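Coordinates from data_12.cif are shown below (mmCIF, C-alpha atoms and all ligand atoms).
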```cif
data_my_file
loop_
_atom_site.label_atom_id
_atom_site.label_comp_id
_atom_site.auth_asym_id
_atom_site.auth_seq_id
_atom_site.Cartn_x
_atom_site.Cartn_y
_atom_site.Cartn_z
CA MET P 3 113.16 112.25 76.32
CA SER P 4 111.11 113.98 78.98
CA PHE P 5 108.15 112.32 80.61
CA ALA P 6 104.73 113.93 81.02
CA ALA P 7 104.27 111.79 84.15
CA LEU P 8 106.93 113.87 85.89
CA ARG P 9 105.02 117.08 85.40
CA THR P 10 102.18 116.50 87.83
CA ARG P 11 99.06 118.44 88.78
CA PHE P 12 100.94 119.70 91.83
CA CYS P 13 103.39 121.40 89.44
CA GLU P 14 100.47 122.98 87.60
CA MET P 15 98.81 124.02 90.85
CA VAL P 16 101.78 125.79 92.45
CA GLY P 17 103.64 126.73 89.27
CA CYS P 18 106.90 124.83 89.75
CA GLU P 19 108.76 122.73 87.17
CA TYR P 20 109.40 119.53 89.11
CA PRO P 21 107.23 117.69 91.67
CA ILE P 22 109.81 118.07 94.41
CA VAL P 23 109.05 119.95 97.64
CA GLN P 24 111.70 121.13 100.08
CA THR P 25 109.80 121.07 103.36
CA GLY P 26 109.72 123.69 106.09
CA MET P 27 112.20 122.51 108.73
CA GLY P 28 112.46 124.61 111.88
CA TRP P 29 115.83 126.43 112.10
CA VAL P 30 116.91 124.77 108.82
CA SER P 31 114.76 125.98 105.92
CA GLY P 32 115.87 129.58 105.53
CA VAL P 33 116.28 132.02 102.67
CA ARG P 34 119.24 130.30 100.99
CA LEU P 35 117.76 126.78 100.93
CA THR P 36 114.27 127.85 99.93
CA SER P 37 115.32 130.26 97.19
CA ALA P 38 117.84 127.73 95.79
CA THR P 39 115.14 125.04 95.64
CA SER P 40 112.59 127.21 93.88
CA ALA P 41 115.23 128.62 91.52
CA ALA P 42 116.22 125.03 90.59
CA GLY P 43 112.63 124.19 89.62
CA GLY P 44 111.46 122.56 92.86
CA PHE P 45 109.15 124.11 95.44
CA GLY P 46 110.94 125.60 98.46
CA ILE P 47 109.22 126.28 101.78
CA LEU P 48 110.47 128.67 104.48
CA ALA P 49 110.19 127.36 108.07
CA ALA P 50 108.33 130.09 109.94
CA ALA P 51 107.29 128.26 113.13
CA THR P 52 110.73 129.08 114.55
CA MET P 53 110.84 132.66 113.21
CA THR P 54 109.62 135.90 114.68
CA PHE P 55 107.17 137.94 112.64
CA GLU P 56 109.93 140.34 111.61
CA GLN P 57 112.27 137.50 110.64
CA LEU P 58 109.59 135.98 108.42
CA GLU P 59 108.83 139.33 106.87
CA SER P 60 112.45 139.89 105.84
CA ALA P 61 112.94 136.23 104.83
CA ILE P 62 109.99 136.43 102.40
CA ARG P 63 111.38 139.61 100.88
CA GLU P 64 114.88 138.12 100.53
CA VAL P 65 113.59 134.99 98.81
CA LYS P 66 111.71 137.21 96.37
CA GLN P 67 114.92 139.13 95.66
CA ARG P 68 116.77 135.89 94.89
CA THR P 69 114.15 134.21 92.71
CA ASP P 70 110.92 135.09 90.97
CA ARG P 71 109.73 131.47 91.21
CA PRO P 72 106.94 130.54 93.66
CA PHE P 73 107.68 129.32 97.19
CA GLY P 74 105.81 128.58 100.41
CA VAL P 75 105.81 129.27 104.15
CA ASN P 76 105.44 126.62 106.87
CA MET P 77 103.83 127.30 110.24
CA ARG P 78 102.05 125.48 113.01
CA GLY P 79 98.28 125.64 113.05
CA ASP P 80 98.42 126.03 116.86
CA GLN P 81 101.13 128.66 117.19
CA PRO P 82 99.81 131.68 119.11
CA ASP P 83 100.51 134.25 116.38
CA VAL P 84 99.26 132.16 113.47
CA GLY P 85 96.63 134.74 112.47
CA ARG P 86 99.22 137.50 112.17
CA PHE P 87 101.55 135.23 110.20
CA ALA P 88 98.68 134.34 107.87
CA ASP P 89 97.97 138.05 107.27
CA LEU P 90 101.62 138.54 106.33
CA VAL P 91 101.58 135.59 103.92
CA ILE P 92 98.42 137.01 102.31
CA ARG P 93 99.87 140.51 102.07
CA GLU P 94 103.06 139.20 100.49
CA ARG P 95 101.10 136.97 98.08
CA VAL P 96 103.01 133.85 99.08
CA ARG P 97 101.87 130.94 96.89
CA LEU P 98 101.26 128.28 99.56
CA THR P 99 101.21 127.71 103.31
CA SER P 100 102.12 124.30 104.72
CA PHE P 101 101.34 123.29 108.28
CA ALA P 102 103.21 121.13 110.81
CA SER P 103 100.11 120.86 112.98
CA PRO P 104 96.63 121.25 111.47
CA PRO P 105 95.16 124.68 110.71
CA THR P 106 91.62 125.50 111.81
CA LYS P 107 88.80 125.40 109.28
CA ASP P 108 88.51 129.19 109.51
CA LEU P 109 92.18 129.68 108.78
CA VAL P 110 91.99 127.44 105.70
CA ARG P 111 89.00 129.48 104.48
CA LYS P 112 90.73 132.79 105.15
CA LEU P 113 93.86 131.79 103.21
CA LYS P 114 91.84 130.25 100.39
CA ASP P 115 89.66 133.34 100.01
CA ALA P 116 92.83 135.41 99.74
CA GLY P 117 94.30 133.13 97.05
CA VAL P 118 96.91 131.34 99.22
CA LEU P 119 97.03 127.55 98.76
CA THR P 120 97.13 125.36 101.88
CA MET P 121 98.93 122.02 102.36
CA PRO P 122 99.01 120.53 105.89
CA THR P 123 101.12 117.51 106.80
CA ILE P 124 99.08 114.47 107.84
CA GLY P 125 100.04 111.01 109.08
CA ALA P 126 96.80 109.05 108.64
CA PRO P 127 94.13 108.73 105.89
CA ARG P 128 91.31 110.03 108.11
CA HIS P 129 93.27 113.20 108.86
CA ALA P 130 93.70 113.73 105.12
CA GLN P 131 89.94 113.31 104.64
CA LYS P 132 89.14 115.82 107.36
CA MET P 133 91.56 118.37 105.92
CA ALA P 134 90.17 117.82 102.41
CA GLU P 135 86.65 118.42 103.74
CA TRP P 136 87.89 121.68 105.22
CA GLY P 137 89.04 122.76 101.76
CA VAL P 138 92.85 122.41 101.80
CA ASP P 139 94.40 122.27 98.33
CA ALA P 140 96.87 119.41 98.89
CA VAL P 141 98.33 117.33 101.72
CA ILE P 142 101.81 116.12 102.57
CA ALA P 143 101.41 112.50 103.69
CA GLN P 144 104.38 111.81 105.97
CA GLY P 145 105.15 108.21 106.86
CA HIS P 146 106.77 106.84 110.00
CA GLU P 147 110.30 106.93 108.59
CA GLY P 148 110.07 110.72 108.17
CA GLY P 149 112.01 113.29 110.17
CA GLY P 150 110.84 115.41 113.10
CA HIS P 151 107.31 114.84 114.38
CA THR P 152 106.01 111.74 112.69
CA GLY P 153 103.13 109.25 112.68
CA PRO P 154 102.96 105.47 113.07
CA ILE P 155 102.21 104.37 109.47
CA ALA P 156 105.02 103.57 107.01
CA THR P 157 105.19 105.71 103.86
CA SER P 158 104.72 102.67 101.60
CA LEU P 159 101.32 102.02 103.22
CA LEU P 160 100.27 105.57 104.04
CA LEU P 161 100.68 106.88 100.51
CA PRO P 162 98.38 104.44 98.67
CA SER P 163 95.83 104.73 101.50
CA VAL P 164 95.77 108.53 101.37
CA THR P 165 95.67 108.76 97.58
CA LYS P 166 92.69 106.40 97.73
CA ALA P 167 90.98 108.42 100.47
CA VAL P 168 91.17 111.92 98.94
CA SER P 169 91.06 113.42 95.46
CA ILE P 170 93.27 116.48 96.09
CA PRO P 171 97.00 116.21 95.23
CA VAL P 172 98.97 114.14 97.75
CA ILE P 173 102.68 114.74 98.24
CA GLY P 174 104.56 111.77 99.70
CA ALA P 175 107.08 112.39 102.49
CA GLY P 176 109.24 110.26 104.73
CA GLY P 177 112.24 108.42 103.34
CA PHE P 178 112.56 110.03 99.90
CA HIS P 179 115.98 110.93 98.56
CA ASP P 180 116.27 109.89 94.91
CA GLY P 181 114.63 109.54 91.51
CA ARG P 182 113.53 105.95 92.05
CA GLY P 183 111.60 107.08 95.12
CA LEU P 184 109.90 109.83 93.13
CA VAL P 185 108.73 107.26 90.54
CA ALA P 186 107.54 104.94 93.33
CA ALA P 187 105.53 107.77 94.91
CA LEU P 188 103.94 108.61 91.56
CA ALA P 189 103.10 104.90 91.12
CA TYR P 190 101.20 105.06 94.43
CA GLY P 191 99.16 107.95 93.04
CA ALA P 192 101.09 110.82 94.65
CA ALA P 193 101.56 114.11 92.80
CA GLY P 194 105.14 114.52 94.03
CA ILE P 195 107.53 114.05 96.92
CA ALA P 196 108.55 116.25 99.83
CA MET P 197 111.98 115.85 101.40
CA GLY P 198 113.31 117.20 104.65
CA THR P 199 116.50 115.36 105.62
CA ARG P 200 117.80 115.16 102.03
CA PHE P 201 117.56 118.97 101.71
CA LEU P 202 119.05 119.48 105.17
CA LEU P 203 122.13 117.73 103.78
CA THR P 204 122.86 120.14 100.93
CA ARG P 205 125.40 122.93 100.60
CA GLU P 206 122.75 125.64 100.89
CA SER P 207 121.24 124.40 104.15
CA ARG P 208 122.29 126.69 106.99
CA VAL P 209 123.10 123.85 109.43
CA PRO P 210 126.71 124.08 110.77
CA ASP P 211 129.23 121.82 108.97
CA ASP P 212 130.07 119.62 111.98
CA VAL P 213 126.36 119.01 112.58
CA LYS P 214 125.99 118.00 108.92
CA ALA P 215 128.97 115.67 109.44
CA THR P 216 127.16 114.01 112.35
CA TYR P 217 124.11 113.43 110.16
CA LEU P 218 126.29 111.96 107.38
CA LYS P 219 127.88 109.52 109.88
CA THR P 220 124.48 108.25 111.10
CA ASN P 221 123.43 104.83 109.78
CA LEU P 222 119.98 103.32 109.22
CA MET P 223 119.83 102.14 112.85
CA GLY P 224 120.95 105.49 114.25
CA THR P 225 117.57 107.20 114.63
CA VAL P 226 114.83 106.82 117.21
CA VAL P 227 111.22 107.97 117.57
CA THR P 228 110.77 109.40 121.05
CA THR P 229 108.02 111.14 122.98
CA ALA P 230 110.47 112.26 125.68
CA ILE P 231 111.15 115.62 124.02
CA ASP P 232 107.71 117.20 123.84
CA GLY P 233 105.17 114.43 124.27
CA ALA P 234 104.54 113.89 120.56
CA PRO P 235 106.49 111.17 118.69
CA GLN P 236 109.51 112.78 117.08
CA ARG P 237 112.26 111.10 115.03
CA VAL P 238 115.74 112.26 115.96
CA ILE P 239 119.32 111.00 115.87
CA ARG P 240 119.93 108.79 118.91
CA THR P 241 122.35 110.70 121.15
CA ASP P 242 123.36 110.53 124.82
CA LEU P 243 120.91 113.33 125.61
CA ILE P 244 118.03 111.40 124.02
CA ASP P 245 118.99 108.23 125.90
CA ARG P 246 119.06 110.19 129.17
CA LEU P 247 115.70 111.87 128.46
CA GLU P 248 114.14 108.51 127.61
CA ARG P 249 115.37 107.03 130.89
CA ALA P 250 114.56 110.07 133.05
CA ASN P 251 111.62 110.08 135.41
CA PRO P 252 109.14 112.74 134.15
CA LEU P 253 109.37 114.50 137.52
CA PHE P 254 113.10 114.86 137.03
CA ARG P 255 112.61 116.26 133.54
CA LEU P 256 110.38 119.10 134.75
CA PRO P 257 112.83 121.32 136.66
CA ARG P 258 115.51 120.81 134.05
CA ALA P 259 113.11 121.70 131.25
CA LEU P 260 111.84 124.79 133.04
CA ALA P 261 115.38 125.97 133.66
CA ASN P 262 116.24 125.53 129.99
CA ALA P 263 113.07 127.25 128.84
CA TRP P 264 113.93 130.23 131.03
CA ARG P 265 117.55 130.37 129.83
CA PHE P 266 116.65 130.14 126.16
CA ARG P 267 113.52 132.26 126.20
CA ASN P 268 115.07 135.27 124.50
CA LEU P 269 116.75 133.42 121.69
CA THR P 270 113.69 133.40 119.41
CA GLY P 271 112.19 136.50 120.88
CA THR P 272 109.62 134.22 122.51
CA SER P 273 108.45 135.70 125.77
CA ILE P 274 107.88 133.43 128.75
CA VAL P 275 104.17 134.25 128.45
CA ASN P 276 104.20 132.93 124.91
CA LEU P 277 106.12 129.84 125.97
CA VAL P 278 103.51 129.07 128.59
CA ARG P 279 100.63 129.88 126.25
CA GLU P 280 102.12 127.60 123.61
CA GLY P 281 102.74 124.87 126.12
CA LEU P 282 99.16 125.07 127.37
CA ALA P 283 97.78 124.86 123.81
CA MET P 284 99.91 121.76 123.27
CA ARG P 285 98.81 120.28 126.58
CA GLU P 286 95.22 120.67 125.49
CA SER P 287 95.71 119.22 122.03
CA GLN P 288 98.04 116.37 123.01
CA GLU P 289 97.19 115.54 126.61
CA LEU P 290 100.70 116.14 127.87
CA THR P 291 101.96 115.73 131.39
CA TRP P 292 103.27 118.87 133.07
CA ALA P 293 106.83 117.65 132.56
CA GLN P 294 106.17 117.11 128.87
CA LEU P 295 104.54 120.52 128.72
CA ALA P 296 107.72 122.16 129.96
CA MET P 297 109.77 120.13 127.51
CA ALA P 298 107.36 121.05 124.71
CA ALA P 299 107.79 124.76 125.27
CA ASN P 300 111.49 124.08 125.37
CA ALA P 301 111.83 121.74 122.40
CA PRO P 302 112.36 124.34 119.67
CA MET P 303 115.24 125.70 121.74
CA LEU P 304 116.81 122.26 122.04
CA THR P 305 116.67 122.01 118.25
CA LYS P 306 118.14 125.51 117.89
CA ALA P 307 121.04 124.65 120.19
CA THR P 308 122.21 122.12 117.61
CA MET P 309 120.96 123.32 114.26
CA VAL P 310 121.96 126.96 114.68
CA ASP P 311 124.54 127.09 117.47
CA GLY P 312 126.23 123.79 116.57
CA ASN P 313 126.06 122.44 120.13
CA LEU P 314 126.02 118.69 119.55
CA GLU P 315 125.82 117.65 123.21
CA ALA P 316 123.04 119.92 124.47
CA GLY P 317 120.63 119.79 121.57
CA ILE P 318 118.44 117.46 119.53
CA LEU P 319 118.92 116.51 115.88
CA PRO P 320 115.60 115.81 114.16
CA THR P 321 116.06 113.51 111.18
CA GLY P 322 114.38 111.03 108.89
CA GLN P 323 115.54 107.42 108.80
CA VAL P 324 116.71 108.19 105.27
CA VAL P 325 119.77 109.83 106.84
CA GLY P 326 121.27 106.32 106.90
CA THR P 327 121.36 106.22 103.10
CA ILE P 328 122.74 109.71 102.48
CA GLU P 329 126.48 110.09 101.94
CA SER P 330 126.85 113.35 100.01
CA LEU P 331 126.41 117.10 100.38
CA PRO P 332 125.37 118.26 96.90
CA THR P 333 124.19 121.72 95.95
CA VAL P 334 120.42 121.98 95.70
CA ALA P 335 120.67 122.30 91.89
CA GLU P 336 122.79 119.11 91.72
CA LEU P 337 120.34 117.29 93.97
CA ILE P 338 117.25 118.25 91.98
CA GLY P 339 118.92 117.79 88.57
CA GLY P 340 120.30 114.36 89.57
CA LEU P 341 117.00 113.26 91.06
CA MET P 342 115.02 114.18 87.93
CA ALA P 343 117.58 112.51 85.65
CA GLU P 344 117.35 109.35 87.75
CA ALA P 345 113.53 109.47 87.69
CA GLU P 346 113.60 109.65 83.88
CA ALA P 347 116.14 106.81 83.66
CA THR P 348 113.95 104.73 85.98
CA LEU P 349 110.86 105.29 83.84
CA ARG P 350 112.86 104.31 80.72
CA ARG P 351 114.17 101.19 82.46
CA LEU P 352 110.67 100.14 83.52
CA ALA P 353 109.25 100.77 80.02
CA ALA P 354 112.01 98.80 78.25
C1 LIG P 401 115.41 119.15 111.29
C2 LIG P 401 113.97 118.98 110.96
C3 LIG P 401 113.07 119.97 111.35
C4 LIG P 401 111.72 119.87 111.00
N1 LIG P 401 110.88 120.91 111.31
C5 LIG P 401 109.62 120.92 110.79
C6 LIG P 401 108.79 122.07 110.93
O1 LIG P 401 109.17 123.09 111.53
N2 LIG P 401 107.56 122.03 110.33
C7 LIG P 401 107.10 120.93 109.62
O2 LIG P 401 105.98 120.96 109.08
N3 LIG P 401 107.86 119.82 109.52
C8 LIG P 401 109.10 119.79 110.07
N4 LIG P 401 109.91 118.69 109.88
C9 LIG P 401 109.41 117.57 109.05
C10 LIG P 401 109.81 117.81 107.58
O3 LIG P 401 109.19 118.98 107.12
C11 LIG P 401 109.45 116.66 106.62
O4 LIG P 401 108.06 116.45 106.60
C12 LIG P 401 110.19 115.38 106.96
O5 LIG P 401 111.53 115.65 107.20
C13 LIG P 401 110.06 114.37 105.82
O6 LIG P 401 110.80 113.21 106.07
P1 LIG P 401 112.31 112.97 105.53
O7 LIG P 401 113.18 113.65 106.50
O8 LIG P 401 112.45 111.50 105.51
O9 LIG P 401 112.42 113.60 104.15
C14 LIG P 401 111.26 118.74 110.27
C15 LIG P 401 112.17 117.72 109.92
C16 LIG P 401 113.49 117.84 110.23
C17 LIG P 401 114.45 116.74 109.80
#
```
Can you dump the structure from the file as structure tokens?
Ligand SMILES: Cc1cc2nc3c(=O)[nH]c(=O)nc-3n(C[C@H](O)[C@H](O)[C@H](O)COP(=O)(O)O)c2cc1C
Amino acid sequence: MSFAALRTRFCEMVGCEYPIVQTGMGWVSGVRLTSATSAAGGFGILAAATMTFEQLESAIREVKQRTDRPFGVNMRGDQPDVGRFADLVIRERVRLTSFASPPTKDLVRKLKDAGVLTMPTIGAPRHAQKMAEWGVDAVIAQGHEGGGHTGPIATSLLLPSVTKAVSIPVIGAGGFHDGRGLVAALAYGAAGIAMGTRFLLTRESRVPDDVKATYLKTNLMGTVVTTAIDGAPQRVIRTDLIDRLERANPLFRLPRALANAWRFRNLTGTSIVNLVREGLAMRESQELTWAQLAMAANAPMLTKATMVDGNLEAGILPTGQVVGTIESLPTVAELIGGLMAEAEATLRRLAA
């Protein structure tokens, strides 16, 4: 038996089979993960906020070579080259753009006029309302337990509040990992779920094996939400580095952060001018201290040190609290197939 409830209006809107989104995770969501997700019937999203223009260009082409199913691109509304990235997404006819930090009204209009759907991540009902007024097509509502930058409201409370506040499709995020969770999200009025950490812990994710092993060892108490990295609350695995950053006097953090920013500046092709420009934009939007500003410009590099280079001591490991419930490294097809089978079994159990 297959259930109509599991084919939601999000599926109709983006053209995927199952209401499961693999989110854009900086340094993690690359060609392999995104194409595997879309090929398996979910909706994969490439993480472009940590890519150069050229890297994104070739990543989009490679995904298209691997699957003819639709996929998306994630960026930050406040990244300096967002206009150029948007032009690329339009030119390549990418189905949807998701946003870590909100896009401007003009950017939403530009993408919409060109036929690209928009889906920012929000952490509060009033943000969802504002985005809906600006014309976005859907929102990802990420609760406190979610990975990376995250808000203060728990998913179980955020989701029903957001689905009540807006009429566009709402995708629940933060803490999802199985079919029961998908059914729960649908019960709250969501049109699907988005998962970060669960997809990070699959065979196709590009994260080095020993970093994946560290995630798998982390229990439900092993994560922390800290503002010590870039000034905005971010959920990461609690490590010695995080403990030291949390204890450090902001004045002490500044020289260290500047030194790191300088050392790492070439790794993403980010020039020091761009680092400073980005940092200043963040300072304006988030009222950061100068020390936090330096850390902010530096933060993507700290994530790269772990997620790409496998340096467990020097880097940060963004994660959702859900990491504490995950014990396996399935393929993406196994994950999505198992999750949908469990969602169907759950619906049958509840109807019996
Ligand atoms: C390693 C990591 C990197 C992330 N990077 C981004 C990013 O670049 N852009 C974004 O919109 N969200 C980012 N996030 C948030 C996820 O896209 C997603 O919303 C979140 O992980 C959902 O919570 P979950 O981990 O409980 O599934 C990141 C999360 C993780 C774990």
Name the residues, by chain letter and number, that sit within 7 Å of ligand LIG 401 (chain P) using only C-alpha atoms and all ligand atoms, and give them as a VMD selection string.
chain P and resid 25 to 28 30 49 51 to 52 76 to 77 100 to 102 123 144 147 to 151 175 to 178 196 to 200 319 to 324
Using all atoms listed in the file, find the one residue out of P:Val65, P:Val213, P:Leu184, P:Ile47 that sits nearest to Gly312 of chain P.
P:Val213
Give the answer as one residue: which of P:Gly85, P:Gly43, P:Gly117, P:Pro171 has the shortest atom-to-atom distance to Ala143 of chain P, using all atoms listed in the file?
P:Pro171
Using only the atoms of segment 78-87 of chain P listed in the file, plus 3 Å on each side, state the axis-aligned box centre and edge lengths in Å rounded to one decimal, as JSON.
```
{"center_x": 99.3, "center_y": 131.5, "center_z": 114.7, "size_x": 11.4, "size_y": 18.0, "size_z": 14.9}
```
Counting all atoms listed in the file, which of P:Asp180, P:Asp139, P:Glu329, P:Glu336 gets nearest to Leu222 of chain P?
P:Glu329
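Non-sequential neighbours of Gly340 of chain P (distance at most 9 Å, separation of 5 or more positions within a chain, only C-alpha atoms) are P:Asp180, P:Gly181, P:Ala335, P:Ala345.
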For a quick check of your reading of the model, name the residues lying within 9 Å of the coordinate (94.2, 105.3, 103.3), counting all atoms listed in the file, and write them as a PDB file with C-alpha atoms, in the frame of the given file.
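Saved result, point.pdb, follows:
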```
ATOM      1  CA  ALA P 126      96.800 109.050 108.640  1.00  0.00           C
ATOM      2  CA  PRO P 127      94.130 108.730 105.890  1.00  0.00           C
ATOM      3  CA  ARG P 128      91.310 110.030 108.110  1.00  0.00           C
ATOM      4  CA  ALA P 130      93.700 113.730 105.120  1.00  0.00           C
ATOM      5  CA  LEU P 159     101.320 102.020 103.220  1.00  0.00           C
ATOM      6  CA  LEU P 160     100.270 105.570 104.040  1.00  0.00           C
ATOM      7  CA  LEU P 161     100.680 106.880 100.510  1.00  0.00           C
ATOM      8  CA  PRO P 162      98.380 104.440  98.670  1.00  0.00           C
ATOM      9  CA  SER P 163      95.830 104.730 101.500  1.00  0.00           C
ATOM     10  CA  VAL P 164      95.770 108.530 101.370  1.00  0.00           C
ATOM     11  CA  THR P 165      95.670 108.760  97.580  1.00  0.00           C
ATOM     12  CA  LYS P 166      92.690 106.400  97.730  1.00  0.00           C
ATOM     13  CA  ALA P 167      90.980 108.420 100.470  1.00  0.00           C
ATOM     14  CA  VAL P 168      91.170 111.920  98.940  1.00  0.00           C
TER      15      VAL P 168
END
```
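For the residues P:Thr305, P:Ser158, P:Thr228, P:Ser169, ranking by smallest atom-to-atom distance to Glu248 of chain P using only C-alpha atoms places P:Thr228 first.
Interatomic distance, atom CA of Gly174 of chain P against atom CA of Phe45 of chain P: 13.8 Å.
For the choices P:Asp83, P:Glu206, P:Glu135, P:Asp108, the atom-to-atom distance to Pro332 of chain P is smallest for P:Glu206 when using only C-alpha atoms.
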Exercise: Pro154 of chain P partners within 8 Å, only C-alpha atoms, chain neighbours under 5 positions left out, as an mmCIF file with C-alpha atoms, in the coordinates of the input:
```
data_model
loop_
_atom_site.group_PDB
_atom_site.id
_atom_site.type_symbol
_atom_site.label_atom_id
_atom_site.label_comp_id
_atom_site.auth_asym_id
_atom_site.auth_seq_id
_atom_site.Cartn_x
_atom_site.Cartn_y
_atom_site.Cartn_z
ATOM 1 C CA GLY P 125 100.040 111.010 109.080
ATOM 2 C CA GLY P 145 105.150 108.210 106.860
ATOM 3 C CA HIS P 146 106.770 106.840 110.000
#
```
